[in-house]
>>> print(open('entry_33.pdb').read())   # PDB, C-alpha atoms
ATOM      1  CA  MET A   1       0.000   0.000   0.000  1.00  0.00           C
ATOM      2  CA  THR A   2       1.404   3.367  -0.944  1.00  0.00           C
ATOM      3  CA  ALA A   3       0.936   6.351   1.276  1.00  0.00           C
ATOM      4  CA  VAL A   4      -0.496   9.497  -0.246  1.00  0.00           C
ATOM      5  CA  TYR A   5       1.141  12.638   1.002  1.00  0.00           C
ATOM      6  CA  THR A   6      -1.129  15.578   1.688  1.00  0.00           C
ATOM      7  CA  ALA A   7       0.422  18.925   2.432  1.00  0.00           C
ATOM      8  CA  PRO A   8      -0.265  20.309   5.875  1.00  0.00           C
ATOM      9  CA  LYS A   9      -3.159  22.762   5.943  1.00  0.00           C
ATOM     10  CA  ALA A  10      -0.838  25.657   6.753  1.00  0.00           C
ATOM     11  CA  GLY A  11       1.237  24.820   3.647  1.00  0.00           C
ATOM     12  CA  ARG A  12      -1.836  24.785   1.411  1.00  0.00           C
ATOM     13  CA  GLU A  13      -3.099  28.063   2.831  1.00  0.00           C
ATOM     14  CA  GLU A  14       0.309  29.673   2.283  1.00  0.00           C
ATOM     15  CA  ARG A  15       0.356  28.451  -1.342  1.00  0.00           C
ATOM     16  CA  LYS A  16      -3.120  29.906  -1.866  1.00  0.00           C
ATOM     17  CA  ARG A  17      -2.109  33.218  -0.319  1.00  0.00           C
ATOM     18  CA  LEU A  18       0.918  33.414  -2.594  1.00  0.00           C
ATOM     19  CA  ALA A  19      -1.210  32.480  -5.627  1.00  0.00           C
ATOM     20  CA  ARG A  20      -3.657  35.303  -4.768  1.00  0.00           C
ATOM     21  CA  GLU A  21      -0.824  37.804  -4.501  1.00  0.00           C
ATOM     22  CA  ARG A  22       0.681  36.697  -7.825  1.00  0.00           C
ATOM     23  CA  LEU A  23      -2.713  36.877  -9.518  1.00  0.00           C
ATOM     24  CA  LEU A  24      -3.383  40.391  -8.291  1.00  0.00           C
ATOM     25  CA  ARG A  25       0.086  41.722  -9.008  1.00  0.00           C
ATOM     26  CA  LEU A  26       0.468  40.213 -12.459  1.00  0.00           C
ATOM     27  CA  SER A  27      -3.087  41.007 -13.618  1.00  0.00           C
ATOM     28  CA  ARG A  28      -2.624  44.642 -12.678  1.00  0.00           C
ATOM     29  CA  LEU A  29       0.820  44.717 -14.293  1.00  0.00           C
ATOM     30  CA  MET A  30      -0.560  43.283 -17.524  1.00  0.00           C
ATOM     31  CA  ASP A  31      -3.717  45.413 -17.802  1.00  0.00           C
ATOM     32  CA  ALA A  32      -3.780  48.312 -15.356  1.00  0.00           C
ATOM     33  CA  ALA A  33      -0.271  49.376 -14.364  1.00  0.00           C
ATOM     34  CA  ILE A  34      -0.337  52.988 -15.586  1.00  0.00           C
ATOM     35  CA  GLU A  35      -3.103  55.580 -15.587  1.00  0.00           C
ATOM     36  CA  VAL A  36      -3.498  57.331 -18.964  1.00  0.00           C
ATOM     37  CA  PRO A  37      -5.549  60.476 -18.252  1.00  0.00           C
ATOM     38  CA  ILE A  38      -6.042  61.380 -21.916  1.00  0.00           C
ATOM     39  CA  LEU A  39      -7.710  58.012 -22.578  1.00  0.00           C
ATOM     40  CA  ARG A  40      -9.369  57.954 -19.138  1.00  0.00           C
ATOM     41  CA  THR A  41      -8.221  54.386 -18.611  1.00  0.00           C
ATOM     42  CA  ARG A  42      -5.322  52.362 -17.322  1.00  0.00           C
ATOM     43  CA  VAL A  43      -2.939  50.373 -19.506  1.00  0.00           C
ATOM     44  CA  GLY A  44      -0.422  47.711 -18.753  1.00  0.00           C
ATOM     45  CA  LEU A  45       2.283  45.569 -20.194  1.00  0.00           C
ATOM     46  CA  ASP A  46      -0.210  43.775 -22.452  1.00  0.00           C
ATOM     47  CA  ALA A  47      -0.742  46.941 -24.507  1.00  0.00           C
ATOM     48  CA  ALA A  48       3.012  47.548 -24.735  1.00  0.00           C
ATOM     49  CA  LEU A  49       3.721  43.951 -25.745  1.00  0.00           C
ATOM     50  CA  GLY A  50       0.952  44.141 -28.345  1.00  0.00           C
ATOM     51  CA  VAL A  51       3.034  46.617 -30.338  1.00  0.00           C
ATOM     52  CA  VAL A  52       5.532  43.828 -31.081  1.00  0.00           C
ATOM     53  CA  PRO A  53       3.895  41.646 -33.764  1.00  0.00           C
ATOM     54  CA  VAL A  54       3.255  37.978 -32.912  1.00  0.00           C
ATOM     55  CA  VAL A  55       5.873  37.674 -30.145  1.00  0.00           C
ATOM     56  CA  GLY A  56       4.197  40.303 -27.951  1.00  0.00           C
ATOM     57  CA  ASP A  57       0.807  38.628 -28.151  1.00  0.00           C
ATOM     58  CA  LEU A  58       2.366  35.217 -27.494  1.00  0.00           C
ATOM     59  CA  LEU A  59       4.139  36.520 -24.387  1.00  0.00           C
ATOM     60  CA  SER A  60       0.934  38.102 -23.139  1.00  0.00           C
ATOM     61  CA  ALA A  61      -0.986  34.862 -23.722  1.00  0.00           C
ATOM     62  CA  ALA A  62       1.718  32.858 -21.929  1.00  0.00           C
ATOM     63  CA  MET A  63       1.444  35.171 -18.927  1.00  0.00           C
ATOM     64  CA  GLY A  64      -2.321  34.727 -19.039  1.00  0.00           C
ATOM     65  CA  LEU A  65      -1.984  30.946 -19.013  1.00  0.00           C
ATOM     66  CA  TYR A  66       0.268  31.230 -15.966  1.00  0.00           C
ATOM     67  CA  LEU A  67      -2.498  33.234 -14.277  1.00  0.00           C
ATOM     68  CA  VAL A  68      -5.021  30.511 -15.175  1.00  0.00           C
ATOM     69  CA  ALA A  69      -2.726  28.018 -13.415  1.00  0.00           C
ATOM     70  CA  GLN A  70      -2.719  30.291 -10.359  1.00  0.00           C
ATOM     71  CA  ALA A  71      -6.529  30.392 -10.495  1.00  0.00           C
ATOM     72  CA  ARG A  72      -6.556  26.589 -10.528  1.00  0.00           C
ATOM     73  CA  GLU A  73      -4.404  26.653  -7.388  1.00  0.00           C
ATOM     74  CA  LEU A  74      -7.128  28.760  -5.753  1.00  0.00           C
ATOM     75  CA  GLY A  75      -9.827  26.282  -6.735  1.00  0.00           C
ATOM     76  CA  ALA A  76     -11.239  27.680  -9.981  1.00  0.00           C
ATOM     77  CA  SER A  77     -13.601  25.261 -11.701  1.00  0.00           C
ATOM     78  CA  ARG A  78     -12.724  23.768 -15.070  1.00  0.00           C
ATOM     79  CA  ARG A  79     -15.552  25.755 -16.607  1.00  0.00           C
ATOM     80  CA  LEU A  80     -14.097  28.997 -15.282  1.00  0.00           C
ATOM     81  CA  GLN A  81     -10.621  28.021 -16.462  1.00  0.00           C
ATOM     82  CA  ALA A  82     -12.074  27.431 -19.938  1.00  0.00           C
ATOM     83  CA  ARG A  83     -13.718  30.883 -19.888  1.00  0.00           C
ATOM     84  CA  MET A  84     -10.435  32.426 -18.803  1.00  0.00           C
ATOM     85  CA  VAL A  85      -8.598  30.731 -21.673  1.00  0.00           C
ATOM     86  CA  GLY A  86     -11.358  31.928 -24.018  1.00  0.00           C
ATOM     87  CA  ASN A  87     -10.724  35.520 -22.901  1.00  0.00           C
ATOM     88  CA  LEU A  88      -7.020  35.041 -23.572  1.00  0.00           C
ATOM     89  CA  LEU A  89      -7.734  33.638 -27.040  1.00  0.00           C
ATOM     90  CA  ALA A  90     -10.011  36.583 -27.826  1.00  0.00           C
ATOM     91  CA  ASP A  91      -7.316  38.988 -26.616  1.00  0.00           C
ATOM     92  CA  ALA A  92      -4.709  37.263 -28.795  1.00  0.00           C
ATOM     93  CA  ALA A  93      -7.018  37.265 -31.826  1.00  0.00           C
ATOM     94  CA  LEU A  94      -7.809  40.965 -31.403  1.00  0.00           C
ATOM     95  CA  GLY A  95      -4.144  41.752 -30.794  1.00  0.00           C
ATOM     96  CA  ALA A  96      -3.170  40.053 -34.050  1.00  0.00           C
ATOM     97  CA  LEU A  97      -4.934  42.751 -36.059  1.00  0.00           C
ATOM     98  CA  PRO A  98      -2.550  45.496 -37.198  1.00  0.00           C
ATOM     99  CA  VAL A  99      -3.211  48.887 -35.552  1.00  0.00           C
ATOM    100  CA  ALA A 100      -6.757  47.971 -34.480  1.00  0.00           C
ATOM    101  CA  GLY A 101      -5.254  45.223 -32.341  1.00  0.00           C
ATOM    102  CA  ASP A 102      -3.053  47.737 -30.542  1.00  0.00           C
ATOM    103  CA  ILE A 103      -6.114  49.836 -29.743  1.00  0.00           C
ATOM    104  CA  ALA A 104      -8.045  46.733 -28.657  1.00  0.00           C
ATOM    105  CA  ASP A 105      -5.194  45.817 -26.271  1.00  0.00           C
ATOM    106  CA  VAL A 106      -5.799  49.078 -24.421  1.00  0.00           C
ATOM    107  CA  TYR A 107      -9.519  48.403 -23.884  1.00  0.00           C
ATOM    108  CA  PHE A 108      -9.976  44.604 -23.895  1.00  0.00           C
ATOM    109  CA  LYS A 109      -8.334  43.716 -20.598  1.00  0.00           C
ATOM    110  CA  ALA A 110      -8.422  39.909 -20.597  1.00  0.00           C
ATOM    111  CA  HIS A 111      -6.322  39.535 -17.453  1.00  0.00           C
ATOM    112  CA  MET A 112      -8.524  41.876 -15.417  1.00  0.00           C
ATOM    113  CA  ARG A 113     -11.654  40.218 -16.834  1.00  0.00           C
ATOM    114  CA  ASN A 114     -10.288  36.875 -15.696  1.00  0.00           C
ATOM    115  CA  LEU A 115      -9.489  38.287 -12.267  1.00  0.00           C
ATOM    116  CA  ARG A 116     -13.082  39.522 -11.887  1.00  0.00           C
ATOM    117  CA  LEU A 117     -14.478  36.163 -13.061  1.00  0.00           C
ATOM    118  CA  LEU A 118     -12.369  34.382 -10.462  1.00  0.00           C
ATOM    119  CA  GLN A 119     -13.408  36.836  -7.759  1.00  0.00           C
ATOM    120  CA  LYS A 120     -17.054  36.243  -8.626  1.00  0.00           C
ATOM    121  CA  GLU A 121     -16.745  32.451  -8.590  1.00  0.00           C
ATOM    122  CA  LEU A 122     -14.749  32.236  -5.364  1.00  0.00           C
ATOM    123  CA  GLY A 123     -16.511  35.109  -3.611  1.00  0.00           C
ATOM    124  CA  GLU A 124     -13.194  36.478  -2.413  1.00  0.00           C
ATOM    125  CA  PRO A 125     -13.472  40.252  -1.978  1.00  0.00           C
ATOM    126  CA  PHE A 126      -9.708  40.772  -1.688  1.00  0.00           C
ATOM    127  CA  ILE A 127      -9.377  39.880  -5.361  1.00  0.00           C
ATOM    128  CA  ASP A 128     -10.571  43.208  -6.624  1.00  0.00           C
ATOM    129  CA  ALA A 129      -9.865  45.174  -9.778  1.00  0.00           C
ATOM    130  CA  PRO A 130      -9.067  48.893  -9.695  1.00  0.00           C
ATOM    131  CA  ALA A 131     -12.126  51.123 -10.145  1.00  0.00           C
ATOM    132  CA  SER A 132     -11.143  52.235 -13.646  1.00  0.00           C
ATOM    133  CA  ALA A 133     -10.826  48.640 -14.836  1.00  0.00           C
ATOM    134  CA  ARG A 134     -14.250  47.737 -13.391  1.00  0.00           C
ATOM    135  CA  ARG A 135     -16.003  50.129 -15.753  1.00  0.00           C
ATOM    136  CA  ARG A 136     -15.123  47.913 -18.706  1.00  0.00           C
TER     137      ARG A 136
END
>>> encode(input="entry_33.pdb", output="structure tokens")
Amino acid sequence: MTAVYTAPKAGREERKRLARERLLRLSRLMDAAIEVPILRTRVGLDAALGVVPVVGDLLSAAMGLYLVAQARELGASRRLQARMVGNLLADAALGALPVAGDIADVYFKAHMRNLRLLQKELGEPFIDAPASARRR
């Protein structure tokens, strides 16, 4: 008979806390790092990466998939994970369009959308988007 190791509860809770912090930090970095008063919105690394054809969108999507893995660590359902991946695919498809894709990257904030979806499913109020990102 093989023994199945289960992490102590404190270890699991610490992993979840770290996953929450990574999710918040990286989502904001990707979609809401800098306030742009002229546009009355916030932009992040996703918009900057979108300027670099193909590679920028691939890097943004890879970061998004990492965030989906963090959501799984927090207990996101498979259905929610699929929706999150769908948002990332839509973001990548929009970003692939020349010029229009760069504009779409400013307003279609897939990472913040995914953060709000996770917050809604888990009912965790500490996972909260900045006010300007909530308007979208």
>>> atom_distance(input="entry_33.pdb", atom1="atom CA of A:Ala93", atom2="atom CA of A:Tyr66")
18.5 Å
>>> resolve_selection(input="entry_33.pdb", expression="the PyMOL selection byres ((chain A and resi 68) around 12)", output="CSV table (one decimal) with C-alpha atoms, keeping the file's coordinate frame")
chain,number,residue,atom,x,y,z
A,19,ALA,CA,-1.2,32.5,-5.6
A,20,ARG,CA,-3.7,35.3,-4.8
A,22,ARG,CA,0.7,36.7,-7.8
A,23,LEU,CA,-2.7,36.9,-9.5
A,26,LEU,CA,0.5,40.2,-12.5
A,27,SER,CA,-3.1,41.0,-13.6
A,61,ALA,CA,-1.0,34.9,-23.7
A,62,ALA,CA,1.7,32.9,-21.9
A,63,MET,CA,1.4,35.2,-18.9
A,64,GLY,CA,-2.3,34.7,-19.0
A,65,LEU,CA,-2.0,30.9,-19.0
A,66,TYR,CA,0.3,31.2,-16.0
A,67,LEU,CA,-2.5,33.2,-14.3
A,69,ALA,CA,-2.7,28.0,-13.4
A,70,GLN,CA,-2.7,30.3,-10.4
A,71,ALA,CA,-6.5,30.4,-10.5
A,72,ARG,CA,-6.6,26.6,-10.5
A,73,GLU,CA,-4.4,26.7,-7.4
A,74,LEU,CA,-7.1,28.8,-5.8
A,75,GLY,CA,-9.8,26.3,-6.7
A,76,ALA,CA,-11.2,27.7,-10.0
A,77,SER,CA,-13.6,25.3,-11.7
A,78,ARG,CA,-12.7,23.8,-15.1
A,79,ARG,CA,-15.6,25.8,-16.6
A,80,LEU,CA,-14.1,29.0,-15.3
A,81,GLN,CA,-10.6,28.0,-16.5
A,82,ALA,CA,-12.1,27.4,-19.9
A,83,ARG,CA,-13.7,30.9,-19.9
A,84,MET,CA,-10.4,32.4,-18.8
A,85,VAL,CA,-8.6,30.7,-21.7
A,86,GLY,CA,-11.4,31.9,-24.0
A,87,ASN,CA,-10.7,35.5,-22.9
A,88,LEU,CA,-7.0,35.0,-23.6
A,110,ALA,CA,-8.4,39.9,-20.6
A,111,HIS,CA,-6.3,39.5,-17.5
A,112,MET,CA,-8.5,41.9,-15.4
A,113,ARG,CA,-11.7,40.2,-16.8
A,114,ASN,CA,-10.3,36.9,-15.7
A,115,LEU,CA,-9.5,38.3,-12.3
A,117,LEU,CA,-14.5,36.2,-13.1
A,118,LEU,CA,-12.4,34.4,-10.5
>>> resolve_selection(input="entry_33.pdb", expression="the PyMOL selection byres ((chain A and resi 42) around 10)", output="PDB file with C-alpha atoms, in the frame of the given file")
ATOM      1  CA  ARG A  28      -2.624  44.642 -12.678  1.00  0.00           C
ATOM      2  CA  ASP A  31      -3.717  45.413 -17.802  1.00  0.00           C
ATOM      3  CA  ALA A  32      -3.780  48.312 -15.356  1.00  0.00           C
ATOM      4  CA  ALA A  33      -0.271  49.376 -14.364  1.00  0.00           C
ATOM      5  CA  ILE A  34      -0.337  52.988 -15.586  1.00  0.00           C
ATOM      6  CA  GLU A  35      -3.103  55.580 -15.587  1.00  0.00           C
ATOM      7  CA  VAL A  36      -3.498  57.331 -18.964  1.00  0.00           C
ATOM      8  CA  PRO A  37      -5.549  60.476 -18.252  1.00  0.00           C
ATOM      9  CA  LEU A  39      -7.710  58.012 -22.578  1.00  0.00           C
ATOM     10  CA  ARG A  40      -9.369  57.954 -19.138  1.00  0.00           C
ATOM     11  CA  THR A  41      -8.221  54.386 -18.611  1.00  0.00           C
ATOM     12  CA  VAL A  43      -2.939  50.373 -19.506  1.00  0.00           C
ATOM     13  CA  GLY A  44      -0.422  47.711 -18.753  1.00  0.00           C
ATOM     14  CA  VAL A 106      -5.799  49.078 -24.421  1.00  0.00           C
ATOM     15  CA  TYR A 107      -9.519  48.403 -23.884  1.00  0.00           C
ATOM     16  CA  LYS A 109      -8.334  43.716 -20.598  1.00  0.00           C
ATOM     17  CA  PRO A 130      -9.067  48.893  -9.695  1.00  0.00           C
ATOM     18  CA  ALA A 131     -12.126  51.123 -10.145  1.00  0.00           C
ATOM     19  CA  SER A 132     -11.143  52.235 -13.646  1.00  0.00           C
ATOM     20  CA  ALA A 133     -10.826  48.640 -14.836  1.00  0.00           C
TER      21      ALA A 133
END
>>> atom_distance(input="entry_33.pdb", atom1="atom CA of A:Ser60", atom2="atom CA of A:Gly101")
13.2 Å
>>> atom_distance(input="entry_33.pdb", atom1="atom CA of A:Met30", atom2="atom CA of A:Leu49")
9.3 Å
>>> axis_aligned_box(input="entry_33.pdb", around="stretch 105-117 of chain A", padding_each_side="6 Å", output="AutoDock Vina command-line options")
--center_x -9.8 --center_y 42.6 --center_z -19.1 --size_x 21.3 --size_y 24.9 --size_z 26.4
>>> closest_residue(input="entry_33.pdb", among="A:Glu124, A:Asp102, A:Glu21, A:Glu14", to="A:Val52", atoms="only C-alpha atoms")
A:Asp102
>>> decode(input="entry_33.pdb", residues="stretch 8-40 of chain A", atoms="N, CA, C and O atoms", output="CSV table (one decimal), in the first residue's frame")
chain,number,residue,atom,x,y,z
A,8,PRO,N,0.4,19.8,4.7
A,8,PRO,CA,-0.3,20.3,5.9
A,8,PRO,C,-1.1,21.5,5.5
A,8,PRO,O,-0.9,22.2,4.5
A,9,LYS,N,-2.2,21.7,6.3
A,9,LYS,CA,-3.2,22.8,5.9
A,9,LYS,C,-2.5,24.1,5.9
A,9,LYS,O,-2.7,24.9,5.0
A,10,ALA,N,-1.5,24.4,6.8
A,10,ALA,CA,-0.8,25.7,6.8
A,10,ALA,C,-0.1,25.8,5.4
A,10,ALA,O,0.0,26.9,4.9
A,11,GLY,N,0.5,24.8,4.9
A,11,GLY,CA,1.2,24.8,3.6
A,11,GLY,C,0.3,25.1,2.5
A,11,GLY,O,0.6,25.9,1.6
A,12,ARG,N,-0.9,24.5,2.5
A,12,ARG,CA,-1.8,24.8,1.4
A,12,ARG,C,-2.3,26.2,1.5
A,12,ARG,O,-2.5,26.9,0.5
A,13,GLU,N,-2.6,26.7,2.7
A,13,GLU,CA,-3.1,28.1,2.8
A,13,GLU,C,-2.0,29.1,2.4
A,13,GLU,O,-2.4,30.1,1.8
A,14,GLU,N,-0.8,28.8,2.7
A,14,GLU,CA,0.3,29.7,2.3
A,14,GLU,C,0.4,29.7,0.8
A,14,GLU,O,0.6,30.7,0.2
A,15,ARG,N,0.3,28.5,0.1
A,15,ARG,CA,0.4,28.5,-1.3
A,15,ARG,C,-0.8,29.3,-2.0
A,15,ARG,O,-0.6,30.0,-2.9
A,16,LYS,N,-2.0,29.2,-1.4
A,16,LYS,CA,-3.1,29.9,-1.9
A,16,LYS,C,-2.9,31.4,-1.7
A,16,LYS,O,-3.2,32.2,-2.6
A,17,ARG,N,-2.4,31.8,-0.6
A,17,ARG,CA,-2.1,33.2,-0.3
A,17,ARG,C,-1.1,33.8,-1.3
A,17,ARG,O,-1.3,34.8,-1.9
A,18,LEU,N,-0.1,33.0,-1.6
A,18,LEU,CA,0.9,33.4,-2.6
A,18,LEU,C,0.3,33.5,-4.0
A,18,LEU,O,0.6,34.4,-4.8
A,19,ALA,N,-0.5,32.5,-4.3
A,19,ALA,CA,-1.2,32.5,-5.6
A,19,ALA,C,-2.1,33.7,-5.8
A,19,ALA,O,-2.1,34.3,-6.8
A,20,ARG,N,-2.8,34.1,-4.7
A,20,ARG,CA,-3.7,35.3,-4.8
A,20,ARG,C,-2.8,36.5,-5.0
A,20,ARG,O,-3.2,37.4,-5.9
A,21,GLU,N,-1.7,36.6,-4.3
A,21,GLU,CA,-0.8,37.8,-4.5
A,21,GLU,C,-0.3,37.9,-5.9
A,21,GLU,O,-0.2,38.9,-6.5
A,22,ARG,N,0.2,36.7,-6.4
A,22,ARG,CA,0.7,36.7,-7.8
A,22,ARG,C,-0.4,37.1,-8.8
A,22,ARG,O,-0.2,37.9,-9.8
A,23,LEU,N,-1.6,36.6,-8.6
A,23,LEU,CA,-2.7,36.9,-9.5
A,23,LEU,C,-3.0,38.4,-9.5
A,23,LEU,O,-3.1,39.0,-10.6
A,24,LEU,N,-3.1,39.0,-8.4
A,24,LEU,CA,-3.4,40.4,-8.3
A,24,LEU,C,-2.3,41.2,-8.9
A,24,LEU,O,-2.5,42.1,-9.8
A,25,ARG,N,-1.1,40.9,-8.5
A,25,ARG,CA,0.1,41.7,-9.0
A,25,ARG,C,0.3,41.6,-10.5
A,25,ARG,O,0.4,42.6,-11.2
A,26,LEU,N,0.2,40.4,-11.0
A,26,LEU,CA,0.5,40.2,-12.5
A,26,LEU,C,-0.7,40.7,-13.3
A,26,LEU,O,-0.5,41.2,-14.4
A,27,SER,N,-1.9,40.5,-12.9
A,27,SER,CA,-3.1,41.0,-13.6
A,27,SER,C,-3.0,42.5,-13.7
A,27,SER,O,-3.3,43.1,-14.8
A,28,ARG,N,-2.7,43.2,-12.6
A,28,ARG,CA,-2.6,44.6,-12.7
A,28,ARG,C,-1.4,45.1,-13.5
A,28,ARG,O,-1.6,46.1,-14.3
A,29,LEU,N,-0.3,44.4,-13.5
A,29,LEU,CA,0.8,44.7,-14.3
A,29,LEU,C,0.5,44.6,-15.8
A,29,LEU,O,0.8,45.4,-16.6
A,30,MET,N,-0.2,43.5,-16.1
A,30,MET,CA,-0.6,43.3,-17.5
A,30,MET,C,-1.6,44.2,-18.1
A,30,MET,O,-1.6,44.6,-19.3
A,31,ASP,N,-2.6,44.7,-17.3
A,31,ASP,CA,-3.7,45.4,-17.8
A,31,ASP,C,-4.0,46.8,-17.2
A,31,ASP,O,-4.7,47.6,-17.7
A,32,ALA,N,-3.4,47.1,-16.0
A,32,ALA,CA,-3.8,48.3,-15.4
A,32,ALA,C,-2.6,49.0,-14.6
A,32,ALA,O,-2.8,49.5,-13.5
A,33,ALA,N,-1.4,48.9,-15.1
A,33,ALA,CA,-0.3,49.4,-14.4
A,33,ALA,C,-0.2,50.9,-14.3
A,33,ALA,O,0.3,51.5,-13.4
A,34,ILE,N,-0.6,51.6,-15.4
A,34,ILE,CA,-0.3,53.0,-15.6
A,34,ILE,C,-1.6,53.7,-16.0
A,34,ILE,O,-2.3,53.3,-16.9
A,35,GLU,N,-1.9,54.8,-15.3
A,35,GLU,CA,-3.1,55.6,-15.6
A,35,GLU,C,-2.8,56.5,-16.8
A,35,GLU,O,-1.7,57.1,-16.8
A,36,VAL,N,-3.7,56.5,-17.8
A,36,VAL,CA,-3.5,57.3,-19.0
A,36,VAL,C,-4.7,58.3,-19.0
A,36,VAL,O,-5.8,58.0,-19.4
A,37,PRO,N,-4.4,59.5,-18.4
A,37,PRO,CA,-5.5,60.5,-18.3
A,37,PRO,C,-6.2,60.9,-19.6
A,37,PRO,O,-7.4,61.0,-19.6
A,38,ILE,N,-5.5,61.0,-20.6
A,38,ILE,CA,-6.0,61.4,-21.9
A,38,ILE,C,-7.1,60.4,-22.4
A,38,ILE,O,-8.1,60.7,-22.9
A,39,LEU,N,-6.8,59.1,-22.2
A,39,LEU,CA,-7.7,58.0,-22.6
A,39,LEU,C,-8.7,57.7,-21.5
A,39,LEU,O,-9.6,56.9,-21.7
A,40,ARG,N,-8.5,58.2,-20.3
A,40,ARG,CA,-9.4,58.0,-19.1
A,40,ARG,C,-9.5,56.5,-18.8
A,40,ARG,O,-10.5,55.9,-18.6
